[in-house]
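Student: Just passing along the structure, written as structure tokens.
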Amino acid sequence: NFLTNDQLLSDDEIVRLAGLFAQLGVTKFRLTGGEPLIRPNLPALITRLAQIPGIEDLALTTNGYFLPEQAAALKAAGLHRLNISLDSLDNEVFQVLNGRRSTVERVLEGVEAAEKAGFRKIKINCVVKKGVNDHTLVDLAGHFKGSGHIVRYIEYMDVGNLNGWKLDDVVTADEILAKIDAEMPLEPVPPNYKGEVANRYRYLDGEGEIGVIASVTKPFCGDCTRARLSSAGEYYTCLFAHHGTDLRAPLRQGASDEEI
């Protein structure tokens with residue numbers, strides 16, 4: 001069931017909790033979804049988050065559909081980085097995966113708008129499902145090779161328990177790398193920071209890099225430094241958790257910062 005508006009955290013509540021997380025040492029924040037670009041007045045929220053002391057990296061993950069209209073406002077509001085979901089350059093394949101709600105052309109228009117707005121090193125997220133889009137991985141890599149953007153291939157994983165996940169549908173990180181390396185040779189690159197979830201590989205000709213997130217075959221739980229706050233105010237320490245800690249209730253019951 002969809003949540004009612006009063007069940008969702010308000011901008012004020014999000015900003016307050018973000019400030020508390022920042023006081024505890026969190027420096028990197030990411031807005032995700034669902035689709036964050038459908039939230040009303042999102043640039044105003046980003047402006048407030050960007051002004052919180054201690055927040056050094058403010059990013060957003062989007063399907064890109066509304067970027068042509070919003071990219072400039074997001075950049076002006078203080079957003080640092082973008083991740084854009086694009087599972088294939090083949091429009092038929094792409095629409096099978098997104099329920100025919102968008103097109104490749106629309107997403108590429110969003111990438112172009114983000115570039116014009118000043119976003120650099122955009123990450124293109126591609127979830128790989130066996131027998132669906134695995135035959136289009138090399139074309140996607142080739143399209144963004146040399147662009148300055150980074151394609152990140154993600155093993156198909158069981159998120160939310162509603163996607164009918166089966167291990168048979170997983171294309172492993174090793175298989176993904178082998179497909180691309182055979183056409184465009186790669187070499188491994190050290191992580192940018194401890195706990196980085198994507199394994200990095202650069203092209204031997206110097207034309208950029210890709211990333212592979214091997215959450216199924218090579219879990220990174222031991223180095224995970226991430227937490228998640230749901231739109232309803234539940235705090236999760238694992239993406240796969242079924243239950244979180246309710247922070248909305250104490251917020252609305254007048255708890256002090258120290259109590260929260």
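A note on labels: chains of the structure tokens are A, B, ... as shown, every chain counts residues from 1, and ligands are counted from 1 in their shown order.
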Leaving out region 170-182 of chain A and any residue of its chain fewer than 4 positions from it, which residues lie within 12 Å of it when counting only C-alpha atoms, given as a ChimeraX atom specification?

Tutor: /A:126-142,145,151-158,165-166,186-188,198-205,209-219

Student: How would the residues just picked look written out with C-alpha atoms as a JSON list (two decimals), in the first residue's frame?

Tutor:
```
[["chain", "number", "residue", "atom", "x", "y", "z"],
["A", 126, "CYS", "CA", 22.84, -0.95, -14.83],
["A", 127, "VAL", "CA", 21.20, -3.89, -13.04],
["A", 128, "VAL", "CA", 22.07, -7.05, -14.97],
["A", 129, "LYS", "CA", 19.51, -9.84, -15.35],
["A", 130, "LYS", "CA", 20.40, -13.06, -17.16],
["A", 131, "GLY", "CA", 18.57, -13.57, -20.43],
["A", 132, "VAL", "CA", 17.11, -10.07, -20.36],
["A", 133, "ASN", "CA", 19.81, -7.43, -20.79],
["A", 134, "ASP", "CA", 23.12, -9.26, -20.39],
["A", 135, "HIS", "CA", 23.64, -9.28, -24.17],
["A", 136, "THR", "CA", 23.63, -5.44, -24.22],
["A", 137, "LEU", "CA", 26.30, -4.79, -21.56],
["A", 138, "VAL", "CA", 29.17, -4.18, -23.97],
["A", 139, "ASP", "CA", 27.16, -1.66, -26.02],
["A", 140, "LEU", "CA", 26.36, 0.30, -22.85],
["A", 141, "ALA", "CA", 30.01, 0.36, -21.82],
["A", 142, "GLY", "CA", 31.07, 1.45, -25.29],
["A", 145, "LYS", "CA", 33.57, 5.01, -22.77],
["A", 151, "VAL", "CA", 28.92, 2.72, -15.93],
["A", 152, "ARG", "CA", 28.33, 0.58, -12.85],
["A", 153, "TYR", "CA", 27.02, -2.94, -13.38],
["A", 154, "ILE", "CA", 25.03, -4.36, -10.48],
["A", 155, "GLU", "CA", 24.36, -8.04, -9.91],
["A", 156, "TYR", "CA", 20.61, -8.69, -9.87],
["A", 157, "MET", "CA", 19.69, -8.94, -6.18],
["A", 158, "ASP", "CA", 16.68, -9.65, -4.01],
["A", 165, "TRP", "CA", 14.42, -13.02, -7.43],
["A", 166, "LYS", "CA", 16.14, -16.31, -8.29],
["A", 186, "LEU", "CA", 40.35, -3.69, -18.41],
["A", 187, "GLU", "CA", 42.56, -3.66, -15.34],
["A", 188, "PRO", "CA", 41.57, -3.38, -11.66],
["A", 198, "ALA", "CA", 31.76, -1.00, -6.43],
["A", 199, "ASN", "CA", 34.89, -2.79, -7.58],
["A", 200, "ARG", "CA", 36.65, -0.44, -10.02],
["A", 201, "TYR", "CA", 38.24, -1.30, -13.38],
["A", 202, "ARG", "CA", 39.77, 1.07, -15.91],
["A", 203, "TYR", "CA", 40.23, 0.68, -19.64],
["A", 204, "LEU", "CA", 43.81, -0.05, -20.64],
["A", 205, "ASP", "CA", 43.63, 2.67, -23.30],
["A", 209, "GLU", "CA", 36.51, 3.18, -16.04],
["A", 210, "ILE", "CA", 33.58, 0.98, -15.04],
["A", 211, "GLY", "CA", 32.42, -0.40, -11.72],
["A", 212, "VAL", "CA", 30.90, -3.74, -10.75],
["A", 213, "ILE", "CA", 28.80, -4.22, -7.64],
["A", 214, "ALA", "CA", 28.98, -7.92, -6.74],
["A", 215, "SER", "CA", 26.48, -7.89, -3.90],
["A", 216, "VAL", "CA", 25.39, -11.50, -4.51],
["A", 217, "THR", "CA", 28.59, -13.39, -5.36],
["A", 218, "LYS", "CA", 31.05, -11.27, -3.36],
["A", 219, "PRO", "CA", 29.14, -9.63, -0.49]]
```

Student: Find the spatial neighbours of Phe94 (chain A), counting only C-alpha atoms, within a cut-off of 10 Å - ignore same-chain residues fewer than 5 positions away - and output them as an NGL selection string.

Tutor: :A and (86-89 or 99-104 or 132-133 or 136)

Student: Check the smallest atom-to-atom distance from each of A:Glu92, A:Glu35, A:Gly110, A:Asn41 to Pro68 (chain A) using only C-alpha atoms, then report the winner.

Tutor: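 For Pro68 (chain A), the nearest of the given residues is A:Gly110.
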
Student: Ranking A:His149, A:Arg16, A:Arg106, A:His143 by minimum distance to Gly64 (chain A) and counting only C-alpha atoms, which one comes first?

Tutor: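 When distances to Gly64 (chain A) are compared using only C-alpha atoms, the smallest one comes from A:Arg106.
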
Student: Mind pulling up the distance from CA of Lys28 (chain A) to CA of Thr47 (chain A)?

Tutor: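 Here the two named atoms are 15.0 Å from each other.
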
Student: Within region 94-206 of chain A, find each residue whose DSSP state, derived from the backbone, is strand (DSSP E), and express the selection as a PyMOL selection string.

Tutor: chain A and resi 123-128+150-155+186-189+199-203

Student: Residues near region 239-247 of chain A, anyone? I mean within 12 Å using only C-alpha atoms, not counting same-chain ones fewer than 5 positions away, as number ranges by chain.

Tutor: A: 7-9, 13-14, 16-18, 20, 157-161, 215-216, 220-221, 224-234, 252-257, 259-260

Student: Write a file of the selected residues as a PDB file, in the first residue's frame, keeping C-alpha atoms.

Tutor:
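Result went into selection_35.pdb, see below:
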```pdb
ATOM      1  CA  GLN A   7       3.113   9.166   7.145  1.00  0.00           C
ATOM      2  CA  LEU A   8       6.069  10.524   5.183  1.00  0.00           C
ATOM      3  CA  LEU A   9       8.836  12.515   6.810  1.00  0.00           C
ATOM      4  CA  GLU A  13      12.103  16.173   9.827  1.00  0.00           C
ATOM      5  CA  ILE A  14      14.546  14.993   7.156  1.00  0.00           C
ATOM      6  CA  ARG A  16      16.736  17.543  11.475  1.00  0.00           C
ATOM      7  CA  LEU A  17      17.689  13.869  11.256  1.00  0.00           C
ATOM      8  CA  ALA A  18      20.350  14.574   8.649  1.00  0.00           C
ATOM      9  CA  LEU A  20      21.948  14.570  13.809  1.00  0.00           C
ATOM     10  CA  MET A 157      19.692  -8.944  -6.184  1.00  0.00           C
ATOM     11  CA  ASP A 158      16.676  -9.649  -4.007  1.00  0.00           C
ATOM     12  CA  VAL A 159      15.605  -6.203  -2.824  1.00  0.00           C
ATOM     13  CA  GLY A 160      12.231  -5.829  -1.192  1.00  0.00           C
ATOM     14  CA  ASN A 161      11.148  -9.450  -1.686  1.00  0.00           C
ATOM     15  CA  SER A 215      26.477  -7.890  -3.897  1.00  0.00           C
ATOM     16  CA  VAL A 216      25.394 -11.497  -4.507  1.00  0.00           C
ATOM     17  CA  PHE A 220      30.783  -6.555   1.000  1.00  0.00           C
ATOM     18  CA  CYS A 221      29.029  -6.642   4.379  1.00  0.00           C
ATOM     19  CA  CYS A 224      29.826  -1.748   4.850  1.00  0.00           C
ATOM     20  CA  THR A 225      29.548   1.713   6.379  1.00  0.00           C
ATOM     21  CA  ARG A 226      26.065   2.517   5.087  1.00  0.00           C
ATOM     22  CA  ALA A 227      22.742   3.185   6.753  1.00  0.00           C
ATOM     23  CA  ARG A 228      19.333   3.970   5.283  1.00  0.00           C
ATOM     24  CA  LEU A 229      16.512   6.222   6.401  1.00  0.00           C
ATOM     25  CA  SER A 230      13.177   5.356   4.794  1.00  0.00           C
ATOM     26  CA  SER A 231      10.650   7.949   3.677  1.00  0.00           C
ATOM     27  CA  ALA A 232       8.557   6.951   6.688  1.00  0.00           C
ATOM     28  CA  GLY A 233      11.394   7.540   9.121  1.00  0.00           C
ATOM     29  CA  GLU A 234      12.656   4.014   9.743  1.00  0.00           C
ATOM     30  CA  ARG A 252       6.742  13.796  16.495  1.00  0.00           C
ATOM     31  CA  GLN A 253       6.506  13.139  20.218  1.00  0.00           C
ATOM     32  CA  GLY A 254       8.877  15.992  20.996  1.00  0.00           C
ATOM     33  CA  ALA A 255      12.033  14.006  21.785  1.00  0.00           C
ATOM     34  CA  SER A 256      15.222  16.012  22.225  1.00  0.00           C
ATOM     35  CA  ASP A 257      18.173  15.645  19.890  1.00  0.00           C
ATOM     36  CA  GLU A 259      17.101  11.289  23.032  1.00  0.00           C
ATOM     37  CA  ILE A 260      16.879  10.636  19.304  1.00  0.00           C
TER      38      ILE A 260
END
```

Student: Can you work out the spacing between CA of Arg48 (chain A) and CA of Val15 (chain A) in Å, to one decimal?

Tutor: 6.9 Å

Student: Rounded to one decimal in Å, what is the spacing between CA of Ala77 (chain A) and CA of Tyr236 (chain A)?

Tutor: 27.2 Å

Student: Going by DSSP on the backbone, which bits of region 40-108 of chain A are alpha helix (DSSP H)? Write them as a PyMOL selection string, please.

Tutor: chain A and resi 42-50+67-77+91-98+104-108

Student: At a cut-off of 10 Å, using only C-alpha atoms, what residues contact region 114-116 of chain A? Leave out same-chain residues fewer than 3 positions from it and give the result as a PyMOL selection string.

Tutor: chain A and resi 64+67-72+74-75+81-82+84+108-111+119-122+149

Student: Can you tell me, as a PyMOL selection string, what residues are no more than 7 Å from His80 (chain A) when counting only C-alpha atoms, ignoring any on the same chain fewer than 5 positions away?

Tutor: chain A and resi 57-59

Student: For each of A:Phe2, A:Ser10, A:Glu112, A:Leu42, take the minimum atom-to-atom distance to Arg248 (chain A), counting only C-alpha atoms, then give the residue where this is smallest.

Tutor: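 Using only C-alpha atoms, Arg248 (chain A) sits closest to A:Ser10.
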